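Okay, work-v1.pdb is below, PDB, C-alpha atoms:
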```pdb
ATOM      1  CA  MET A   1       0.000   0.000   0.000
ATOM      2  CA  LEU A   2       1.250   3.497  -0.710
ATOM      3  CA  THR A   3       2.395   5.848   2.002
ATOM      4  CA  ALA A   4       1.226   8.805   0.036
ATOM      5  CA  THR A   5       1.063  11.662   2.487
ATOM      6  CA  GLY A   6       4.815  12.313   2.862
ATOM      7  CA  LYS A   7       5.528  12.156  -0.850
ATOM      8  CA  THR A   8       2.543  14.259  -1.888
ATOM      9  CA  GLN A   9       3.533  16.869   0.690
ATOM     10  CA  ILE A  10       7.113  16.955  -0.621
ATOM     11  CA  LEU A  11       5.860  17.351  -4.178
ATOM     12  CA  GLU A  12       3.287  19.984  -3.260
ATOM     13  CA  ASP A  13       5.802  21.998  -1.241
ATOM     14  CA  ALA A  14       8.169  21.955  -4.206
ATOM     15  CA  GLY A  15       5.461  23.327  -6.517
ATOM     16  CA  TYR A  16       4.449  20.117  -8.303
ATOM     17  CA  ALA A  17       0.903  19.493  -9.491
ATOM     18  CA  TYR A  18      -0.662  16.191 -10.499
ATOM     19  CA  SER A  19      -1.422  15.712 -14.191
ATOM     20  CA  PHE A  20      -4.321  13.250 -14.284
ATOM     21  CA  ASP A  21      -4.054  12.891 -18.037
ATOM     22  CA  ARG A  22      -0.377  11.864 -17.949
ATOM     23  CA  LEU A  23      -0.346  10.230 -14.493
ATOM     24  CA  SER A  24       2.562  12.345 -13.367
ATOM     25  CA  TYR A  25       3.640  15.192 -11.116
ATOM     26  CA  ILE A  26       4.888  18.236 -12.985
ATOM     27  CA  ASN A  27       6.453  21.600 -12.240
ATOM     28  CA  ARG A  28       6.336  23.983 -15.197
ATOM     29  CA  GLN A  29       8.735  26.462 -13.603
ATOM     30  CA  THR A  30      11.573  24.045 -13.030
ATOM     31  CA  ARG A  31      10.516  21.995 -16.084
ATOM     32  CA  LYS A  32      10.663  18.684 -14.262
ATOM     33  CA  ALA A  33       8.174  15.842 -14.312
ATOM     34  CA  PHE A  34       7.946  12.598 -12.352
ATOM     35  CA  SER A  35       5.960   9.601 -13.507
ATOM     36  CA  LEU A  36       3.551   8.167 -10.934
ATOM     37  CA  GLU A  37       5.490   4.886 -11.065
ATOM     38  CA  PHE A  38       8.743   6.683 -10.302
ATOM     39  CA  VAL A  39       7.178   8.439  -7.298
ATOM     40  CA  GLN A  40       5.702   5.180  -6.024
ATOM     41  CA  ASP A  41       8.921   3.198  -6.396
ATOM     42  CA  HIS A  42      11.337   5.674  -4.820
ATOM     43  CA  THR A  43      11.743   6.760  -1.222
ATOM     44  CA  GLU A  44      10.991  10.228   0.056
ATOM     45  CA  SER A  45      14.687  11.060   0.315
ATOM     46  CA  GLN A  46      15.353   9.858  -3.244
ATOM     47  CA  LEU A  47      12.448  11.973  -4.427
ATOM     48  CA  LYS A  48      13.800  15.030  -2.593
ATOM     49  CA  ALA A  49      17.218  14.488  -4.133
ATOM     50  CA  CYS A  50      15.685  14.425  -7.619
ATOM     51  CA  ILE A  51      13.660  17.557  -6.907
ATOM     52  CA  ASP A  52      16.808  19.358  -5.744
ATOM     53  CA  GLU A  53      18.944  18.073  -8.614
ATOM     54  CA  PRO A  54      20.120  20.999 -10.728
ATOM     55  CA  THR A  55      19.017  20.776 -14.366
ATOM     56  CA  SER A  56      18.919  23.079 -17.329
ATOM     57  CA  SER A  57      15.733  25.083 -17.056
ATOM     58  CA  GLN A  58      15.508  25.312 -20.865
ATOM     59  CA  GLU A  59      14.579  21.691 -21.409
ATOM     60  CA  TRP A  60      12.147  19.413 -19.672
ATOM     61  CA  HIS A  61      13.660  16.758 -17.451
ATOM     62  CA  PHE A  62      11.660  13.557 -16.997
ATOM     63  CA  TYR A  63      12.029  11.002 -14.243
ATOM     64  CA  PHE A  64      10.930   7.564 -15.473
ATOM     65  CA  ASN A  65      11.460   4.063 -14.129
ATOM     66  CA  SER A  66      12.176   2.871 -17.668
ATOM     67  CA  PRO A  67      14.119   5.244 -19.900
ATOM     68  CA  PRO A  68      11.823   6.730 -22.576
ATOM     69  CA  SER A  69      12.531   7.251 -26.251
ATOM     70  CA  GLU A  70      13.249  10.695 -27.645
ATOM     71  CA  ALA A  71       9.827  10.641 -29.309
ATOM     72  CA  VAL A  72       8.089  10.259 -25.952
ATOM     73  CA  LYS A  73      10.188  13.056 -24.457
ATOM     74  CA  ARG A  74       9.297  15.316 -27.398
ATOM     75  CA  GLU A  75       5.592  14.566 -27.011
ATOM     76  CA  LEU A  76       5.612  15.197 -23.265
ATOM     77  CA  SER A  77       7.628  18.413 -23.667
ATOM     78  CA  ALA A  78       5.026  19.655 -26.145
ATOM     79  CA  VAL A  79       2.115  18.654 -23.888
ATOM     80  CA  PHE A  80       3.554  20.170 -20.711
ATOM     81  CA  SER A  81       4.925  23.427 -22.208
TER      82      SER A  81
ATOM     83  CA  MET B   1      -1.552  12.044 -46.018
ATOM     84  CA  SER B   2      -0.772  12.182 -42.291
ATOM     85  CA  GLU B   3       0.873   9.194 -40.639
ATOM     86  CA  ARG B   4      -1.292   6.811 -38.655
ATOM     87  CA  THR B   5      -0.920   7.208 -34.907
ATOM     88  CA  VAL B   6      -0.704   4.430 -32.320
ATOM     89  CA  GLU B   7      -4.291   5.270 -31.402
ATOM     90  CA  ASP B   8      -5.433   4.871 -35.049
ATOM     91  CA  ARG B   9      -3.894   1.401 -35.171
ATOM     92  CA  LEU B  10      -5.464   0.402 -31.875
ATOM     93  CA  ARG B  11      -8.918   1.637 -32.932
ATOM     94  CA  GLU B  12      -8.675  -0.530 -36.028
ATOM     95  CA  GLU B  13      -7.631  -3.487 -33.897
ATOM     96  CA  TYR B  14     -10.504  -2.841 -31.480
ATOM     97  CA  PHE B  15     -13.158  -3.142 -34.177
ATOM     98  CA  ALA B  16     -11.482  -6.210 -35.654
ATOM     99  CA  LEU B  17     -11.632  -7.849 -32.204
ATOM    100  CA  LEU B  18     -15.154  -6.713 -31.349
ATOM    101  CA  PRO B  19     -17.113  -9.735 -32.677
ATOM    102  CA  GLU B  20     -14.795 -12.101 -30.812
ATOM    103  CA  SER B  21     -15.024  -9.969 -27.651
ATOM    104  CA  ARG B  22     -18.817 -10.194 -27.769
ATOM    105  CA  ARG B  23     -18.816 -13.951 -28.282
ATOM    106  CA  LEU B  24     -16.375 -14.338 -25.435
ATOM    107  CA  LEU B  25     -18.512 -12.223 -23.150
ATOM    108  CA  GLU B  26     -21.660 -14.235 -23.911
ATOM    109  CA  GLU B  27     -19.831 -17.467 -23.176
ATOM    110  CA  LEU B  28     -18.328 -16.167 -19.952
ATOM    111  CA  GLU B  29     -21.594 -14.753 -18.659
ATOM    112  CA  ALA B  30     -23.430 -18.008 -19.413
ATOM    113  CA  GLU B  31     -20.760 -20.016 -17.569
ATOM    114  CA  VAL B  32     -20.881 -17.725 -14.532
ATOM    115  CA  ARG B  33     -24.682 -17.776 -14.319
ATOM    116  CA  HIS B  34     -24.722 -21.551 -14.699
ATOM    117  CA  CYS B  35     -22.099 -21.989 -12.000
ATOM    118  CA  LEU B  36     -23.883 -19.684  -9.555
ATOM    119  CA  LEU B  37     -27.392 -21.055 -10.148
ATOM    120  CA  PRO B  38     -27.543 -23.293  -7.050
ATOM    121  CA  LEU B  39     -26.335 -20.424  -4.865
ATOM    122  CA  SER B  40     -28.647 -17.843  -6.463
ATOM    123  CA  SER B  41     -31.620 -20.148  -5.885
ATOM    124  CA  SER B  42     -30.912 -20.471  -2.189
ATOM    125  CA  LEU B  43     -30.794 -16.783  -1.251
ATOM    126  CA  ASP B  44     -32.816 -15.231   1.531
ATOM    127  CA  ARG B  45     -35.056 -12.270   0.641
ATOM    128  CA  TYR B  46     -32.518  -9.635   1.607
ATOM    129  CA  GLU B  47     -29.609 -11.406  -0.055
ATOM    130  CA  LYS B  48     -28.586 -10.721  -3.628
ATOM    131  CA  ILE B  49     -26.319 -11.972  -6.349
ATOM    132  CA  GLU B  50     -26.139 -10.014  -9.588
ATOM    133  CA  VAL B  51     -24.154 -10.811 -12.698
ATOM    134  CA  ASN B  52     -23.204  -7.893 -14.949
ATOM    135  CA  SER B  53     -21.145  -8.021 -18.091
ATOM    136  CA  ARG B  54     -19.650  -5.617 -20.574
ATOM    137  CA  VAL B  55     -17.218  -5.293 -23.427
ATOM    138  CA  LYS B  56     -14.983  -2.283 -22.783
ATOM    139  CA  ASP B  57     -15.796   0.505 -25.228
ATOM    140  CA  CYS B  58     -13.145   1.536 -27.732
ATOM    141  CA  GLU B  59     -11.875   4.708 -26.078
ATOM    142  CA  SER B  60     -11.889   3.105 -22.602
ATOM    143  CA  ALA B  61      -9.782   0.253 -23.956
ATOM    144  CA  LEU B  62      -7.292   2.673 -25.523
ATOM    145  CA  GLY B  63      -7.233   4.751 -22.349
ATOM    146  CA  ALA B  64      -6.599   1.699 -20.180
ATOM    147  CA  LEU B  65      -3.687   0.592 -22.367
ATOM    148  CA  ARG B  66      -2.266   4.136 -22.452
ATOM    149  CA  ARG B  67      -2.433   4.413 -18.655
ATOM    150  CA  GLN B  68      -0.364   1.221 -18.392
ATOM    151  CA  GLN B  69       2.570   3.132 -19.947
ATOM    152  CA  GLU B  70       4.742   5.460 -17.867
ATOM    153  CA  PHE B  71       3.514   9.045 -18.210
ATOM    154  CA  ALA B  72       0.431   7.467 -19.826
ATOM    155  CA  THR B  73       2.078   7.990 -23.193
ATOM    156  CA  PHE B  74       2.437   5.646 -26.162
ATOM    157  CA  ASP B  75       5.892   5.542 -27.718
ATOM    158  CA  PRO B  76       5.467   6.130 -31.490
ATOM    159  CA  ASP B  77       8.780   4.325 -32.075
ATOM    160  CA  ARG B  78       7.252   1.153 -30.634
ATOM    161  CA  ALA B  79       3.853   1.516 -32.275
ATOM    162  CA  ASP B  80       3.720  -2.120 -33.377
ATOM    163  CA  SER B  81       4.281  -3.438 -29.867
ATOM    164  CA  TYR B  82       0.941  -2.194 -28.529
ATOM    165  CA  THR B  83      -2.036  -4.488 -28.740
ATOM    166  CA  LEU B  84      -5.421  -4.543 -27.046
ATOM    167  CA  THR B  85      -5.046  -8.295 -26.610
ATOM    168  CA  SER B  86      -2.681  -7.480 -23.740
ATOM    169  CA  LEU B  87      -5.640  -6.138 -21.741
ATOM    170  CA  ASN B  88      -7.093  -8.681 -19.358
ATOM    171  CA  ASP B  89     -10.503  -7.086 -19.274
ATOM    172  CA  LEU B  90     -11.592  -6.257 -22.798
ATOM    173  CA  ALA B  91     -14.489  -8.565 -21.955
ATOM    174  CA  GLY B  92     -15.448  -8.753 -18.314
ATOM    175  CA  VAL B  93     -18.071 -10.151 -15.990
ATOM    176  CA  ARG B  94     -18.662  -8.736 -12.531
ATOM    177  CA  VAL B  95     -20.531 -10.645  -9.853
ATOM    178  CA  LEU B  96     -21.982  -8.496  -7.070
ATOM    179  CA  ALA B  97     -23.026 -10.251  -3.879
ATOM    180  CA  PHE B  98     -24.681  -9.154  -0.658
ATOM    181  CA  PRO B  99     -24.005  -9.693   2.194
ATOM    182  CA  ARG B 100     -20.311 -10.522   2.537
ATOM    183  CA  SER B 101     -20.854 -14.160   3.493
ATOM    184  CA  ARG B 102     -22.574 -14.664   0.105
ATOM    185  CA  TRP B 103     -19.701 -12.827  -1.586
ATOM    186  CA  ARG B 104     -17.252 -15.353  -0.115
ATOM    187  CA  GLU B 105     -19.515 -18.251  -1.091
ATOM    188  CA  ALA B 106     -19.875 -16.941  -4.642
ATOM    189  CA  ASN B 107     -16.111 -16.632  -4.911
ATOM    190  CA  ASP B 108     -15.492 -20.139  -3.536
ATOM    191  CA  THR B 109     -18.036 -21.587  -5.953
ATOM    192  CA  LEU B 110     -16.539 -19.826  -8.969
ATOM    193  CA  ARG B 111     -12.941 -20.527  -7.984
ATOM    194  CA  HIS B 112     -13.585 -24.262  -7.935
ATOM    195  CA  TYR B 113     -15.519 -24.299 -11.196
ATOM    196  CA  ALA B 114     -13.574 -26.159 -13.877
ATOM    197  CA  LEU B 115     -13.312 -23.255 -16.322
ATOM    198  CA  PHE B 116     -11.873 -20.836 -13.784
ATOM    199  CA  SER B 117      -9.629 -23.204 -11.854
ATOM    200  CA  SER B 118      -6.739 -22.487 -14.240
ATOM    201  CA  TRP B 119      -7.316 -18.730 -14.361
ATOM    202  CA  THR B 120      -4.849 -16.326 -12.790
ATOM    203  CA  SER B 121      -5.943 -14.873  -9.488
ATOM    204  CA  ASP B 122      -5.262 -11.148  -9.221
ATOM    205  CA  PRO B 123      -7.224  -9.892  -6.198
ATOM    206  CA  ILE B 124      -7.673  -6.178  -5.596
ATOM    207  CA  PRO B 125      -5.825  -5.597  -2.339
ATOM    208  CA  SER B 126      -7.547  -4.116   0.655
ATOM    209  CA  ASP B 127      -6.190  -2.039   3.507
ATOM    210  CA  GLU B 128      -3.039  -3.140   5.255
ATOM    211  CA  GLY B 129      -3.950  -5.497   8.060
ATOM    212  CA  SER B 130      -7.090  -6.810   6.362
ATOM    213  CA  THR B 131      -7.058 -10.524   5.698
ATOM    214  CA  GLU B 132      -9.479 -10.273   2.781
ATOM    215  CA  PRO B 133      -9.033  -8.489  -0.526
ATOM    216  CA  LEU B 134     -11.283  -5.636  -1.537
ATOM    217  CA  ALA B 135     -12.535  -7.812  -4.381
ATOM    218  CA  PHE B 136     -11.592 -11.097  -6.022
ATOM    219  CA  LYS B 137     -10.395 -10.838  -9.607
ATOM    220  CA  TYR B 138      -9.369 -13.496 -12.121
ATOM    221  CA  HIS B 139      -8.354 -13.498 -15.751
ATOM    222  CA  GLY B 140      -7.821 -16.213 -18.302
ATOM    223  CA  PHE B 141      -8.980 -17.756 -21.541
ATOM    224  CA  CYS B 142     -12.482 -19.161 -22.052
ATOM    225  CA  SER B 143     -11.324 -21.458 -24.828
ATOM    226  CA  ARG B 144      -8.197 -22.446 -26.709
ATOM    227  CA  ASN B 145      -9.496 -20.763 -29.845
ATOM    228  CA  THR B 146      -9.145 -17.229 -28.668
ATOM    229  CA  LYS B 147      -6.262 -14.861 -28.097
ATOM    230  CA  LEU B 148      -8.462 -12.686 -25.911
ATOM    231  CA  ARG B 149      -8.358 -12.981 -22.165
ATOM    232  CA  ALA B 150     -11.456 -12.245 -20.148
ATOM    233  CA  GLU B 151     -11.821 -10.990 -16.601
ATOM    234  CA  LEU B 152     -14.064 -12.143 -13.801
ATOM    235  CA  GLN B 153     -14.572  -9.963 -10.742
ATOM    236  CA  VAL B 154     -16.384 -11.032  -7.583
ATOM    237  CA  VAL B 155     -17.174  -7.925  -5.578
ATOM    238  CA  PRO B 156     -19.062  -7.092  -2.367
ATOM    239  CA  MET B 157     -22.255  -5.451  -3.591
ATOM    240  CA  LEU B 158     -21.898  -2.017  -1.991
ATOM    241  CA  THR B 159     -18.318  -1.675  -3.224
ATOM    242  CA  GLY B 160     -19.393  -2.691  -6.735
ATOM    243  CA  LEU B 161     -22.295  -0.237  -6.687
ATOM    244  CA  PHE B 162     -19.946   2.512  -5.525
ATOM    245  CA  TRP B 163     -17.722   1.759  -8.549
ATOM    246  CA  GLU B 164     -20.765   1.905 -10.830
ATOM    247  CA  VAL B 165     -21.938   5.257  -9.458
ATOM    248  CA  GLU B 166     -18.411   6.636  -9.639
ATOM    249  CA  HIS B 167     -18.117   5.439 -13.235
ATOM    250  CA  ALA B 168     -21.526   6.765 -14.319
ATOM    251  CA  ALA B 169     -21.166  10.124 -12.564
ATOM    252  CA  ILE B 170     -17.542  10.930 -13.302
ATOM    253  CA  TYR B 171     -15.708   8.751 -15.795
ATOM    254  CA  LYS B 172     -18.452   8.098 -18.342
ATOM    255  CA  PRO B 173     -18.963  11.812 -19.082
ATOM    256  CA  SER B 174     -15.252  12.655 -18.640
ATOM    257  CA  PRO B 175     -13.047   9.604 -19.334
ATOM    258  CA  GLN B 176      -9.887  11.719 -19.027
ATOM    259  CA  LEU B 177     -10.597  12.019 -15.289
ATOM    260  CA  LYS B 178      -9.856   8.315 -14.844
ATOM    261  CA  GLY B 179      -6.284   9.299 -13.987
ATOM    262  CA  VAL B 180      -7.433  11.262 -10.930
ATOM    263  CA  LEU B 181      -8.122   8.004  -9.145
ATOM    264  CA  ALA B 182      -4.521   6.867  -9.583
ATOM    265  CA  SER B 183      -3.074   9.925  -7.840
ATOM    266  CA  LEU B 184      -1.395   9.487  -4.475
ATOM    267  CA  GLU B 185      -3.728  12.115  -3.034
ATOM    268  CA  MET B 186      -6.842  10.040  -3.786
ATOM    269  CA  GLN B 187      -5.554   6.845  -2.159
ATOM    270  CA  ARG B 188      -6.582   7.789   1.369
ATOM    271  CA  PRO B 189     -10.149   9.023   0.629
ATOM    272  CA  ILE B 190     -10.769   5.935  -1.503
ATOM    273  CA  ARG B 191      -9.576   3.639   1.285
ATOM    274  CA  GLU B 192     -11.901   5.427   3.693
ATOM    275  CA  VAL B 193     -14.907   4.853   1.422
ATOM    276  CA  TYR B 194     -14.081   1.144   1.161
ATOM    277  CA  ARG B 195     -13.578   0.854   4.894
ATOM    278  CA  ALA B 196     -16.931   2.550   5.594
ATOM    279  CA  LEU B 197     -18.761   0.273   3.130
ATOM    280  CA  GLY B 198     -17.113  -2.776   4.699
ATOM    281  CA  ILE B 199     -18.117  -1.742   8.206
ATOM    282  CA  PHE B 200     -21.688  -1.084   7.042
ATOM    283  CA  GLU B 201     -22.015  -4.508   5.405
ATOM    284  CA  ALA B 202     -20.418  -6.369   8.305
ATOM    285  CA  GLU B 203     -22.631  -4.706  10.911
ATOM    286  CA  PHE B 204     -25.767  -5.140   8.808
ATOM    287  CA  GLU B 205     -25.088  -8.848   8.434
ATOM    288  CA  ARG B 206     -24.279  -9.274  12.120
ATOM    289  CA  LEU B 207     -27.609  -7.735  13.143
ATOM    290  CA  VAL B 208     -29.653  -9.705  10.628
ATOM    291  CA  ARG B 209     -27.993 -12.956  11.632
ATOM    292  CA  SER B 210     -28.635 -12.284  15.318
ATOM    293  CA  ALA B 211     -32.346 -11.506  14.746
ATOM    294  CA  PRO B 212     -33.617 -13.517  11.739
ATOM    295  CA  LEU B 213     -36.403 -12.027   9.644
ATOM    296  CA  ASP B 214     -39.983 -13.209  10.195
ATOM    297  CA  LYS B 215     -41.160 -15.718   7.632
ATOM    298  CA  PRO B 216     -43.597 -14.153   5.114
TER     299      PRO B 216
END
```

Could you take the file, read its structure, and then write that structure out as structure tokens?
Amino acid sequence: MLTATGKTQILEDAGYAYSFDRLSYINRQTRKAFSLEFVQDHTESQLKACIDEPTSSQEWHFYFNSPPSEAVKRELSAVFS
Amino acid sequence: MSERTVEDRLREEYFALLPESRRLLEELEAEVRHCLLPLSSSLDRYEKIEVNSRVKDCESALGALRRQQEFATFDPDRADSYTLTSLNDLAGVRVLAFPRSRWREANDTLRHYALFSSWTSDPIPSDEGSTEPLAFKYHGFCSRNTKLRAELQVVPMLTGLFWEVEHAAIYKPSPQLKGVLASLEMQRPIREVYRALGIFEAEFERLVRSAPLDKP
């Protein structure tokens, strides 16, 4: 069973919103997105580390369990921008 | 001419599979009703067993397959790898039973029925600490001549009716909202609904069993 409260609080505090169409948590300002599976399968501290990870703010950065193809990244970048 | 999308391919596959899905559903429903007949005939007035069946509609089937992918996104580079035959529940039968003792009986009866004995059990888990699942769920093939799996659910009646109301009120008019349910935020309120329905059914049954109804 999920222990959702801690993770959802971490994501909310960091400015992430849930995308129910793409089953993911996204932050348009930092241009980062986490798949629901990634959030479920990683600990709170791992999640925090990913949130704090510095990335280029020009391009979207996606956190998947299974690495996606460039085509998927392009589609998601277009949808989220 | 524009290139066909993954969704275009899957819609074509859906309609090619539809006649087989319908045949499969008819067969499955007939088997379930036949298997449950002795139990259905022995119910008290307040007890109920209902058998509902449906073939998933086209867009629901596509949506379900899309939500199985990370970020709910099909990869156009792997377009040929997606098939609706990977869904377990293109055709599905749901048995609703009230009260919970009849739900368990219905499940035991179906589980030992020859057709379903080889099916894969995939129960919907309940709260931590609960010894019973939220609902029993099985999938498998009705015959050797089909590549389509079917799903059988055996659900406590109030839980099943809650799913039906939820589906009719929210997801039927707005299928894209299906993803809301998967969010971490919704897990707790959903668990609370299930817990409340479970307590209601258990207490109802306890009282009825302790003070049997007058004979008509």

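If all atoms listed in the file are the atoms counted, then among A:Gln29, A:Thr43, A:Arg74, A:Ser57 the closest residue to chain B is A:Arg74.
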
Measuring atom to atom with all atoms listed in the file, identify which of B:Glu203, B:Asp77, B:Asp122, B:Glu164 is nearest to chain A.
-> B:Asp77

Report, as AutoDock Vina command-line options, the axis-aligned box around all atoms of region 71-76 of chain A present in the file, extended by 3 Å on each side; give centre and edge lengths in Å to one decimal place.
```
--center_x 7.9 --center_y 12.8 --center_z -26.3 --size_x 10.6 --size_y 11.1 --size_z 12.0
```

Written as a ChimeraX atom specification, what is the full residue list that the ChimeraX specification (/B :<12) & /A yields on the file shown?
-> /A:1-12,17-26,33-40,62-77,79-80

Restrict the selected residues to C-alpha atoms and save them as a PDB file, keeping the file's coordinate frame.
```
ATOM      1  CA  MET A   1       0.000   0.000   0.000  1.00  0.00           C
ATOM      2  CA  LEU A   2       1.250   3.497  -0.710  1.00  0.00           C
ATOM      3  CA  THR A   3       2.395   5.848   2.002  1.00  0.00           C
ATOM      4  CA  ALA A   4       1.226   8.805   0.036  1.00  0.00           C
ATOM      5  CA  THR A   5       1.063  11.662   2.487  1.00  0.00           C
ATOM      6  CA  GLY A   6       4.815  12.313   2.862  1.00  0.00           C
ATOM      7  CA  LYS A   7       5.528  12.156  -0.850  1.00  0.00           C
ATOM      8  CA  THR A   8       2.543  14.259  -1.888  1.00  0.00           C
ATOM      9  CA  GLN A   9       3.533  16.869   0.690  1.00  0.00           C
ATOM     10  CA  ILE A  10       7.113  16.955  -0.621  1.00  0.00           C
ATOM     11  CA  LEU A  11       5.860  17.351  -4.178  1.00  0.00           C
ATOM     12  CA  GLU A  12       3.287  19.984  -3.260  1.00  0.00           C
ATOM     13  CA  ALA A  17       0.903  19.493  -9.491  1.00  0.00           C
ATOM     14  CA  TYR A  18      -0.662  16.191 -10.499  1.00  0.00           C
ATOM     15  CA  SER A  19      -1.422  15.712 -14.191  1.00  0.00           C
ATOM     16  CA  PHE A  20      -4.321  13.250 -14.284  1.00  0.00           C
ATOM     17  CA  ASP A  21      -4.054  12.891 -18.037  1.00  0.00           C
ATOM     18  CA  ARG A  22      -0.377  11.864 -17.949  1.00  0.00           C
ATOM     19  CA  LEU A  23      -0.346  10.230 -14.493  1.00  0.00           C
ATOM     20  CA  SER A  24       2.562  12.345 -13.367  1.00  0.00           C
ATOM     21  CA  TYR A  25       3.640  15.192 -11.116  1.00  0.00           C
ATOM     22  CA  ILE A  26       4.888  18.236 -12.985  1.00  0.00           C
ATOM     23  CA  ALA A  33       8.174  15.842 -14.312  1.00  0.00           C
ATOM     24  CA  PHE A  34       7.946  12.598 -12.352  1.00  0.00           C
ATOM     25  CA  SER A  35       5.960   9.601 -13.507  1.00  0.00           C
ATOM     26  CA  LEU A  36       3.551   8.167 -10.934  1.00  0.00           C
ATOM     27  CA  GLU A  37       5.490   4.886 -11.065  1.00  0.00           C
ATOM     28  CA  PHE A  38       8.743   6.683 -10.302  1.00  0.00           C
ATOM     29  CA  VAL A  39       7.178   8.439  -7.298  1.00  0.00           C
ATOM     30  CA  GLN A  40       5.702   5.180  -6.024  1.00  0.00           C
ATOM     31  CA  PHE A  62      11.660  13.557 -16.997  1.00  0.00           C
ATOM     32  CA  TYR A  63      12.029  11.002 -14.243  1.00  0.00           C
ATOM     33  CA  PHE A  64      10.930   7.564 -15.473  1.00  0.00           C
ATOM     34  CA  ASN A  65      11.460   4.063 -14.129  1.00  0.00           C
ATOM     35  CA  SER A  66      12.176   2.871 -17.668  1.00  0.00           C
ATOM     36  CA  PRO A  67      14.119   5.244 -19.900  1.00  0.00           C
ATOM     37  CA  PRO A  68      11.823   6.730 -22.576  1.00  0.00           C
ATOM     38  CA  SER A  69      12.531   7.251 -26.251  1.00  0.00           C
ATOM     39  CA  GLU A  70      13.249  10.695 -27.645  1.00  0.00           C
ATOM     40  CA  ALA A  71       9.827  10.641 -29.309  1.00  0.00           C
ATOM     41  CA  VAL A  72       8.089  10.259 -25.952  1.00  0.00           C
ATOM     42  CA  LYS A  73      10.188  13.056 -24.457  1.00  0.00           C
ATOM     43  CA  ARG A  74       9.297  15.316 -27.398  1.00  0.00           C
ATOM     44  CA  GLU A  75       5.592  14.566 -27.011  1.00  0.00           C
ATOM     45  CA  LEU A  76       5.612  15.197 -23.265  1.00  0.00           C
ATOM     46  CA  SER A  77       7.628  18.413 -23.667  1.00  0.00           C
ATOM     47  CA  VAL A  79       2.115  18.654 -23.888  1.00  0.00           C
ATOM     48  CA  PHE A  80       3.554  20.170 -20.711  1.00  0.00           C
TER      49      PHE A  80
END
```

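Shortest separation to Glu192 (chain B) among B:Ser41, B:Thr159, B:Asn107, B:Ser143 occurs at residue B:Thr159, atoms counted being all atoms listed in the file.
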
List, as JSON, numbers by chain, every residue that the PyMOL selection byres ((chain A and resi 30) around 9) selects in the file provided.
-> {"A": [15, 26, 27, 28, 29, 31, 32, 33, 55, 56, 57, 58, 60, 61]}

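This file, filtered with the PyMOL selection byres ((chain B and resi 83) around 9), gives the residues Arg9, Leu10, Glu13, Leu65, Asp80, Ser81, Tyr82, Leu84, Thr85, Ser86 and Leu87 of chain B.
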
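Note that the spacing between CA of Lys56 (chain B) and CA of Glu31 (chain B) amounts to 19.4 Å.
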
Suppose you want the space between CA of Ala168 (chain B) and CA of Ala106 (chain B); what is it in Å?
-> 25.7 Å

What does the distance between CA of Glu7 (chain B) and CA of Leu62 (chain B) come to in Å, to one decimal place?
-> 7.1 Å

Can you tell me, as a PyMOL selection string, what residues are no more than 6 Å from Met157 (chain B) when counting all atoms listed in the file, ignoring any on the same chain fewer than 5 positions away?
-> chain B and resi 96-98

Determine the nearest neighbour of Val95 (chain B) from the options B:Pro156, B:Pro189, B:Pro173, B:Pro19, counting all atoms listed in the file.
-> B:Pro156

Mind filling out region 53-63 of chain A with N, CA and C atoms and sending it as a PDB file, in the frame of the given file?
```
ATOM      1  N   GLU A  53      17.889  18.250  -7.612  1.00  0.00           N
ATOM      2  CA  GLU A  53      18.944  18.073  -8.614  1.00  0.00           C
ATOM      3  C   GLU A  53      18.951  19.259  -9.588  1.00  0.00           C
ATOM      4  N   PRO A  54      20.111  19.876  -9.784  1.00  0.00           N
ATOM      5  CA  PRO A  54      20.120  20.999 -10.728  1.00  0.00           C
ATOM      6  C   PRO A  54      20.010  20.504 -12.177  1.00  0.00           C
ATOM      7  N   THR A  55      19.168  21.147 -12.940  1.00  0.00           N
ATOM      8  CA  THR A  55      19.017  20.776 -14.366  1.00  0.00           C
ATOM      9  C   THR A  55      18.915  22.061 -15.178  1.00  0.00           C
ATOM     10  N   SER A  56      19.103  21.920 -16.454  1.00  0.00           N
ATOM     11  CA  SER A  56      18.919  23.079 -17.329  1.00  0.00           C
ATOM     12  C   SER A  56      17.448  23.451 -17.319  1.00  0.00           C
ATOM     13  N   SER A  57      17.155  24.710 -17.120  1.00  0.00           N
ATOM     14  CA  SER A  57      15.733  25.083 -17.056  1.00  0.00           C
ATOM     15  C   SER A  57      15.159  25.317 -18.459  1.00  0.00           C
ATOM     16  N   GLN A  58      16.008  25.125 -19.492  1.00  0.00           N
ATOM     17  CA  GLN A  58      15.508  25.312 -20.865  1.00  0.00           C
ATOM     18  C   GLN A  58      14.718  24.083 -21.326  1.00  0.00           C
ATOM     19  N   GLU A  59      15.197  22.927 -20.919  1.00  0.00           N
ATOM     20  CA  GLU A  59      14.579  21.691 -21.409  1.00  0.00           C
ATOM     21  C   GLU A  59      13.864  20.962 -20.280  1.00  0.00           C
ATOM     22  N   TRP A  60      12.842  20.231 -20.670  1.00  0.00           N
ATOM     23  CA  TRP A  60      12.147  19.413 -19.672  1.00  0.00           C
ATOM     24  C   TRP A  60      13.032  18.256 -19.243  1.00  0.00           C
ATOM     25  N   HIS A  61      12.922  17.901 -17.970  1.00  0.00           N
ATOM     26  CA  HIS A  61      13.660  16.758 -17.451  1.00  0.00           C
ATOM     27  C   HIS A  61      12.633  15.770 -16.884  1.00  0.00           C
ATOM     28  N   PHE A  62      12.675  14.543 -17.391  1.00  0.00           N
ATOM     29  CA  PHE A  62      11.660  13.557 -16.997  1.00  0.00           C
ATOM     30  C   PHE A  62      12.272  12.450 -16.160  1.00  0.00           C
ATOM     31  N   TYR A  63      11.577  12.094 -15.118  1.00  0.00           N
ATOM     32  CA  TYR A  63      12.029  11.002 -14.243  1.00  0.00           C
ATOM     33  C   TYR A  63      11.113   9.800 -14.472  1.00  0.00           C
TER      34      TYR A  63
END
```
